[in-house]
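Visitor: Attaching a single structure in structure tokens format; questions to follow.
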Protein chains: 2
Amino acid sequence: MSENGTTTALANGRAGRAPTMEDVAREAGVSRALVSIVFRGKPGASEATRKRVHEAAQRIGYELNVAARMLRETETNVVGLMMTLKNPFHTDIAEKLIAAAKERSMEIIIGAVGQDSAQDSAVTMMRGFRVAGAILLGTDVQASTVAQLSSDRPCVVVGEHDFGQGIDIVRSDDRLGIRIALDYLLGKGHTEIAYLSSPHGQAMAERREAYLEWMAEHSMEADVVETEDTEAGGVAGAGRLLGRKNLPTATLACNDRCAIGMASALTDAGVRIPEDISVVGFDDIEQARYGIKLTTIHQDTDLLAETAMKSLMTRLRDPDSDATSIIFPPTLVERATVGPPAR
Amino acid sequence: MSENGTTTALANGRAGRAPTMEDVAREAGVSRALVSIVFRGKPGASEATRKRVHEAAQRIGYELNVAARMLRETETNVVGLMMTLKNPFHTDIAEKLIAAAKERSMEIIIGAVGQDSAQDSAVTMMRGFRVAGAILLGTDVQASTVAQLSSDRPCVVVGEHDFGQGIDIVRSDDRLGIRIALDYLLGKGHTEIAYLSSPHGQAMAERREAYLEWMAEHSMEADVVETEDTEAGGVAGAGRLLGRKNLPTATLACNDRCAIGMASALTDAGVRIPEDISVVGFDDIEQARYGIKLTTIHQDTDLLAETAMKSLMTRLRDPDSDATSIIFPPTLVERATVGPPAR
DNA sequence: ACTATCTACTAGATCGTTCTAGTCGAAGAG
DNA sequence: CTCTTCGACTAGAACGATCTAGTAGATAGT
């Protein structure tokens with residue numbers, strides 16, 4: 001740029017601008033290209049110069065410009081993660097995904113969707129960043145979301161069901177989970193079992209289906225309370241139950257948040273758990289372990305996260321490989337919310 | 001680029017590459033610069049062409065390349081948000097911040113730090129993206145983190161205390177919160193009040209200080225249980241209490257997560273809440289409303305989030321304005337974990 | 001001594017935008 | 001009629017990296 005000696009001293013501190021590789025190169029007495037090589041850890045530089053470059057960068061407070069890198073790079077190591085911040089099951093998996101990504105020196109950018117799921121903005125963000133791949137945490141992943149993303153890059157959906165070919169799925173066996181819970185309740189002697197259902201997403205639909213199927217198989221009367229998969233939904237569901245002449249002896253909720261809300265509202269109304277009514281949840285979020293000590297269906301978030309990342313890496317390496325559906329069996333974890341039926 | 005008629009038909013679909021503004025321009029029959037004007041919503045294009053450009057973009061599936069925009073743009077509208085995904089208080093504020101950002105058509109990128117707080121990677125990310133400003137959610141924001149970020153852009157710290165000049169602070173009055181809680185317990189007749197303390201961060205230090213101060217003022221014997229500000233920390237704290245000859249009549253925890261963990265462990269041990277011991281938390285996270293129904297010190301997350309965003313916008317508009325510390329008074333919310341002392 | 005191979009390094013093109021400095025034609029002012 | 005102003009539009013430089021295609025010098029094989 002400025003090649004005259006007099007300005008050189010000022011040149012590395014262009015007013016108000018962050019230093020660039022050019023500045024580092026000048027400081028270290030090498031070319032810009034070599035600085036790039038050093039920062040990418042690619043072969044082609046001696047140990048001595050690597051050290052010199054890093055020191056120079058440190059000295060002038062250089063930080064790599066991610067935008068410039070992303071623009072030029074032919075293959076990116078950024079993957080997008082769509083999730084709901086307020087969903088503990090999501091944050092649990094997300095934290096593990098981030099760790100898994102770091103191990104593979106991948107970057108994760110988070111596309112947060114609100115409770116009211118503005119999935120479009122997450123899609124726009126990921127497409128805008130040209131992420132190499134995407135991991136979508138259910139619940140209620142829209143087919144259009146998947147379609148828009150998967151046309152240009154591999155996608156793996158965690159916790160939701162079918163989205164046509166080319167989409168990797170990693171999830172727990174929701175049907176099995178529900179059956180395990182119901183078998184367990186039956187073993188305790190329960191025959192009047194209500195189910196708190198959520199209208200959101202395929203996983204929730206399958207849980208509901210599995211409940212109906214099992215109840216039919218056992219010639220029991222299905223008792224579905226339609227509500228939401230949140231604490232507030234659980235409270236609403238409890239309200240519905242309390243309005244009846246008599247309560248079921250047990251309830252199975254579509255997830256832990258709903259179970260926790262319901263249990264809380266029931267307790268408020270003077271209904272004792274598990275003496276008067278038993279409650280089972282689904283997911284085994286961290287909060288299920290405290291306070292209420294919820295008996296629930298456990299999903300292995302470590303396994304889910306690690307597998308999701310592995311699936312994505314496989315597809316990134318070999319984009320034409322077949323998409324896989326990996327389904328893990330959930331397990332029951334007994335805590336304190338189930339007892340024998342009251343009547 | 002290719003100016004010969006024969007390849008034109010193929011040119012807009014360069015194999016494997018996402019369409020660019022150039023492609024949109026060709027499709028709409030205008031220049032690349034005009035497409036840019038349209039996408040930025042800047043004046044300089046007629047309504048008719050705006051429509052034509054948008055339709056062309058839609059038709060060929062164009063999505064703006066964020067990296068290229070960020071690289072070229074002189075002033076960015078991206079702000080960084082550092083937070084802990086697994087901290088419900090953070091996710092609560094984060095969700096509101098995201099909404100507040102959207103209203104102002106700002107973008108937020110999340111730098112997630114794990115429980116074990118790897119704040120450096122969040123700093124690297126934000127500096128790498130050249131964010132215009134940063135919002136840092138405590139707890140335990142390191143001074144070095146703030147220093148590195150604030151040298152190049154305005155920073156507002158939410159929930160933590162002093163970081164020297166130039167740093168905006170938005171927080172609740174922790175000292176007042178603790179005093180309100182203790183006054184309330186005293187009003188109920190409690191004189192043996194233990195405090196579960198966390199070593200992380202300035203806010204926690206101030207809460208602890210305020211407890212010691214208040215106890216001294218009231219000539220009561222301070223009883224600090226050193227633990228962590230998580231559910232597991234609460235369990236550990238309860239264990240410590242249960243190991244004693246007799247329990248205090250009330251406990252105040254450094255935050256709700258800790259209170260919930262403690263309450264859970266106490267209940268497991270057969271200690272009734274609030275009959276045998278009273279429990280007060282701090283923060284009023286959503287989970288405090290369910291199950292345990294924790295009496296706690298409420299922080300207004302709506303207000304905190306909105307104010308943080310406002311402070312940041314002010315500083316972005318006028319970087320030389322004085323940094324402000326905005327401190328809100330917290331309030332007590334009575335639920336079900338406090339009663340008169342057992343003895 | 002001649003060629004081949006390897007390591008260390010560099011110049012210049014390139015990624016897809018935004019920004020700067022215009023051009024062109026129509027409308028309005030005198 | 002000329003001069004200015006304005007709106008609509010465009011060409012080309014710039015942003016800060018990575019990538020391609022090299023060069024120079026050392027080492028080794030024949």
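Residues are named by chain letter and number: chains run A, B, ... in the order of the structure tokens, numbers start at 1 in each chain, and ligands are numbered from 1 in the order shown.
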Specify as a list in words all residues of chain C found within 12 Å of chain B, counting only C-alpha atoms (C1' of nucleotides).
Guide: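 Applying the cut-off to the listed atoms yields DC15, DG16, DT17, DT18, DC19 and DT20 of chain C.
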Visitor: From range 188-322 of chain A, collect each residue whose DSSP state is alpha helix (DSSP H) and return the set as a PyMOL selection string.
Guide: chain A and resi 202-217+231-242+256-268+301-317
Visitor: Residues of chain B were defined as contacting chain A if any atom lay at most 8 Å from it, counting only C-alpha atoms; please report them as a PDB file with N, CA and C atoms, in the first residue's frame.
Guide:
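Dumped to out-v3.pdb:
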ATOM      1  N   GLU B  63     -29.841 -16.159  -1.414  1.00  0.00           N
ATOM      2  CA  GLU B  63     -29.765 -15.728  -0.009  1.00  0.00           C
ATOM      3  C   GLU B  63     -28.502 -14.904   0.154  1.00  0.00           C
ATOM      4  N   LEU B  64     -28.651 -13.736   0.744  1.00  0.00           N
ATOM      5  CA  LEU B  64     -27.518 -12.837   0.937  1.00  0.00           C
ATOM      6  C   LEU B  64     -26.367 -13.524   1.658  1.00  0.00           C
ATOM      7  N   ASN B  65     -25.165 -13.321   1.199  1.00  0.00           N
ATOM      8  CA  ASN B  65     -23.985 -13.887   1.844  1.00  0.00           C
ATOM      9  C   ASN B  65     -23.548 -12.960   2.984  1.00  0.00           C
ATOM     10  N   VAL B  66     -23.816 -13.407   4.200  1.00  0.00           N
ATOM     11  CA  VAL B  66     -23.568 -12.571   5.376  1.00  0.00           C
ATOM     12  C   VAL B  66     -22.090 -12.240   5.527  1.00  0.00           C
ATOM     13  N   ALA B  67     -21.239 -13.207   5.207  1.00  0.00           N
ATOM     14  CA  ALA B  67     -19.798 -12.992   5.364  1.00  0.00           C
ATOM     15  C   ALA B  67     -19.345 -11.839   4.470  1.00  0.00           C
ATOM     16  N   ALA B  68     -19.794 -11.844   3.240  1.00  0.00           N
ATOM     17  CA  ALA B  68     -19.397 -10.795   2.310  1.00  0.00           C
ATOM     18  C   ALA B  68     -19.911  -9.441   2.793  1.00  0.00           C
ATOM     19  N   MET B  70     -20.621  -8.556   5.891  1.00  0.00           N
ATOM     20  CA  MET B  70     -19.878  -8.157   7.095  1.00  0.00           C
ATOM     21  C   MET B  70     -18.499  -7.631   6.737  1.00  0.00           C
ATOM     22  N   LEU B  71     -17.913  -8.264   5.755  1.00  0.00           N
ATOM     23  CA  LEU B  71     -16.562  -7.874   5.381  1.00  0.00           C
ATOM     24  C   LEU B  71     -16.542  -6.444   4.840  1.00  0.00           C
ATOM     25  N   LEU B  85     -25.648 -21.252  28.498  1.00  0.00           N
ATOM     26  CA  LEU B  85     -26.886 -21.870  28.024  1.00  0.00           C
ATOM     27  C   LEU B  85     -27.666 -22.544  29.138  1.00  0.00           C
ATOM     28  N   LYS B  86     -26.953 -23.162  30.046  1.00  0.00           N
ATOM     29  CA  LYS B  86     -27.654 -23.938  31.070  1.00  0.00           C
ATOM     30  C   LYS B  86     -28.133 -23.109  32.246  1.00  0.00           C
ATOM     31  N   PRO B  88     -30.812 -20.807  33.594  1.00  0.00           N
ATOM     32  CA  PRO B  88     -32.168 -20.384  33.225  1.00  0.00           C
ATOM     33  C   PRO B  88     -32.355 -18.870  33.290  1.00  0.00           C
ATOM     34  N   THR B  91     -30.951 -17.628  29.989  1.00  0.00           N
ATOM     35  CA  THR B  91     -31.770 -17.917  28.805  1.00  0.00           C
ATOM     36  C   THR B  91     -33.027 -17.054  28.804  1.00  0.00           C
ATOM     37  N   ASP B  92     -33.508 -16.778  29.993  1.00  0.00           N
ATOM     38  CA  ASP B  92     -34.682 -15.924  30.125  1.00  0.00           C
ATOM     39  C   ASP B  92     -34.380 -14.527  29.572  1.00  0.00           C
ATOM     40  N   ALA B  94     -31.833 -13.726  27.692  1.00  0.00           N
ATOM     41  CA  ALA B  94     -31.381 -13.847  26.306  1.00  0.00           C
ATOM     42  C   ALA B  94     -32.555 -13.806  25.341  1.00  0.00           C
ATOM     43  N   GLU B  95     -33.588 -14.539  25.694  1.00  0.00           N
ATOM     44  CA  GLU B  95     -34.742 -14.579  24.797  1.00  0.00           C
ATOM     45  C   GLU B  95     -35.334 -13.182  24.624  1.00  0.00           C
ATOM     46  N   ILE B 109     -25.359 -12.467  17.781  1.00  0.00           N
ATOM     47  CA  ILE B 109     -24.708 -13.767  17.735  1.00  0.00           C
ATOM     48  C   ILE B 109     -24.356 -14.179  19.161  1.00  0.00           C
ATOM     49  N   ILE B 110     -24.619 -15.437  19.440  1.00  0.00           N
ATOM     50  CA  ILE B 110     -24.476 -15.942  20.795  1.00  0.00           C
ATOM     51  C   ILE B 110     -23.119 -16.588  20.980  1.00  0.00           C
ATOM     52  N   GLY B 114     -19.586 -22.551  28.627  1.00  0.00           N
ATOM     53  CA  GLY B 114     -20.026 -23.709  29.395  1.00  0.00           C
ATOM     54  C   GLY B 114     -20.078 -23.388  30.878  1.00  0.00           C
ATOM     55  N   THR B 124     -13.075 -14.529  21.495  1.00  0.00           N
ATOM     56  CA  THR B 124     -12.500 -14.723  20.160  1.00  0.00           C
ATOM     57  C   THR B 124     -13.572 -14.614  19.081  1.00  0.00           C
ATOM     58  N   ARG B 127     -14.815 -10.919  18.769  1.00  0.00           N
ATOM     59  CA  ARG B 127     -13.797 -10.088  18.130  1.00  0.00           C
ATOM     60  C   ARG B 127     -13.660 -10.506  16.665  1.00  0.00           C
ATOM     61  N   GLY B 128     -13.701 -11.799  16.428  1.00  0.00           N
ATOM     62  CA  GLY B 128     -13.586 -12.303  15.061  1.00  0.00           C
ATOM     63  C   GLY B 128     -14.695 -11.787  14.159  1.00  0.00           C
ATOM     64  N   PHE B 129     -15.885 -11.694  14.714  1.00  0.00           N
ATOM     65  CA  PHE B 129     -17.019 -11.210  13.932  1.00  0.00           C
ATOM     66  C   PHE B 129     -17.073  -9.690  13.895  1.00  0.00           C
ATOM     67  N   ARG B 130     -16.159  -9.043  14.589  1.00  0.00           N
ATOM     68  CA  ARG B 130     -16.131  -7.584  14.629  1.00  0.00           C
ATOM     69  C   ARG B 130     -17.488  -7.027  15.047  1.00  0.00           C
ATOM     70  N   GLU B 231     -27.770 -26.284  41.183  1.00  0.00           N
ATOM     71  CA  GLU B 231     -28.592 -27.244  41.917  1.00  0.00           C
ATOM     72  C   GLU B 231     -27.688 -28.175  42.721  1.00  0.00           C
ATOM     73  N   ILE B 260     -33.173 -24.406  45.070  1.00  0.00           N
ATOM     74  CA  ILE B 260     -33.953 -25.560  44.627  1.00  0.00           C
ATOM     75  C   ILE B 260     -33.211 -26.860  44.947  1.00  0.00           C
ATOM     76  N   GLY B 261     -31.920 -26.876  44.680  1.00  0.00           N
ATOM     77  CA  GLY B 261     -31.126 -28.056  44.994  1.00  0.00           C
ATOM     78  C   GLY B 261     -31.122 -28.349  46.482  1.00  0.00           C
ATOM     79  N   ALA B 263     -33.331 -27.340  48.780  1.00  0.00           N
ATOM     80  CA  ALA B 263     -34.667 -27.721  49.238  1.00  0.00           C
ATOM     81  C   ALA B 263     -34.947 -29.181  48.908  1.00  0.00           C
ATOM     82  N   SER B 264     -34.509 -29.560  47.712  1.00  0.00           N
ATOM     83  CA  SER B 264     -34.731 -30.927  47.282  1.00  0.00           C
ATOM     84  C   SER B 264     -34.021 -31.910  48.201  1.00  0.00           C
ATOM     85  N   ALA B 265     -32.771 -31.623  48.508  1.00  0.00           N
ATOM     86  CA  ALA B 265     -31.988 -32.522  49.364  1.00  0.00           C
ATOM     87  C   ALA B 265     -32.534 -32.544  50.787  1.00  0.00           C
ATOM     88  N   THR B 267     -35.665 -32.019  51.699  1.00  0.00           N
ATOM     89  CA  THR B 267     -36.897 -32.790  51.675  1.00  0.00           C
ATOM     90  C   THR B 267     -36.598 -34.287  51.665  1.00  0.00           C
ATOM     91  N   TYR B 290     -42.812 -23.402  39.996  1.00  0.00           N
ATOM     92  CA  TYR B 290     -43.441 -24.716  39.930  1.00  0.00           C
ATOM     93  C   TYR B 290     -42.847 -25.643  40.975  1.00  0.00           C
ATOM     94  N   GLY B 291     -43.638 -26.632  41.345  1.00  0.00           N
ATOM     95  CA  GLY B 291     -43.145 -27.637  42.277  1.00  0.00           C
ATOM     96  C   GLY B 291     -42.926 -27.052  43.653  1.00  0.00           C
ATOM     97  N   ILE B 292     -41.699 -26.682  43.895  1.00  0.00           N
ATOM     98  CA  ILE B 292     -41.343 -26.195  45.215  1.00  0.00           C
ATOM     99  C   ILE B 292     -42.053 -24.892  45.585  1.00  0.00           C
TER     100      ILE B 292
END
Visitor: Near chain A, meaning an atom within 6 Å, which residues of chain D appear when counting only C-alpha atoms (C1' of nucleotides)? Write them as a VMD selection string.
Guide: chain D and resid 16 to 18
Visitor: Figure out the distance between CA of Met106 in chain B and CA of Val78 in chain A, please, to one decimal in Å.
Guide: 21.5 Å
Visitor: Looking only at the backbone, which of the residues in range 121-321 of chain A does DSSP tag as strand (DSSP E or B), as a PyMOL selection string?
Guide: chain A and resi 133-137+155-158+167-172+193-197+224-226+250-253+278-283+295-298
Visitor: With a distance cut-off of 12 Å and only C-alpha atoms (C1' of nucleotides), select the neighbouring residues of DA8 in chain C, excluding the residue or stretch itself and same-chain residues fewer than 4 positions from it, and output the selection as an mmCIF file with C-alpha atoms (C1' of nucleotides), in the first residue's frame.
Guide:
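As a result, out03.cif now contains:
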data_model
loop_
_atom_site.group_PDB
_atom_site.id
_atom_site.type_symbol
_atom_site.label_atom_id
_atom_site.label_comp_id
_atom_site.auth_asym_id
_atom_site.auth_seq_id
_atom_site.Cartn_x
_atom_site.Cartn_y
_atom_site.Cartn_z
ATOM 1 C CA VAL A 30 6.949 -11.963 6.194
ATOM 2 C CA SER A 31 4.245 -12.042 3.526
ATOM 3 C CA ALA A 33 0.133 -15.394 2.602
ATOM 4 C CA LEU A 34 2.513 -16.869 5.119
ATOM 5 C CA ILE A 37 -0.649 -20.337 6.507
ATOM 6 C CA PRO A 43 2.224 -26.941 6.468
ATOM 7 C CA GLY A 44 4.558 -24.532 4.698
ATOM 8 C CA ALA A 45 6.118 -22.503 7.483
ATOM 9 C CA SER A 46 9.071 -23.196 9.730
ATOM 10 C CA GLU A 47 8.621 -23.432 13.453
ATOM 11 C CA ALA A 48 10.716 -20.313 13.948
ATOM 12 C CA THR A 49 8.518 -18.144 11.714
ATOM 13 C CA ARG A 50 5.344 -19.593 13.184
ATOM 14 C "C1'" DT D 23 10.242 -18.773 -7.076
ATOM 15 C "C1'" DA D 24 14.581 -19.490 -4.524
ATOM 16 C "C1'" DG D 25 17.565 -22.242 -2.143
ATOM 17 C "C1'" DA D 26 18.976 -26.549 0.009
#
Visitor: So how far away is CA of Leu247 in chain B from CA of Ala269 in chain B, in Å?
Guide: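 Separating CA of Ala269 in chain B from CA of Leu247 in chain B is a distance of 12.2 Å.
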Visitor: Distance CA of Ala203 in chain A-CA of Pro329 in chain A, one decimal place?
Guide: 14.0 Å
Visitor: List the spatial neighbours of Glu209 in chain A as a list in words - criterion: any atom at most 12 Å away, only C-alpha atoms (C1' of nucleotides), same-chain residues fewer than 5 positions off excluded.
Guide: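 The residues satisfying every condition are Asp174, Arg175, Leu176, Gly177, Ile178, Arg179, Tyr195, Ser197, Ser198, Pro199, Gln202, Ala203, Met204, Trp214, Met215, Ala216, Ala222, Val224 and Cys254 of chain A.
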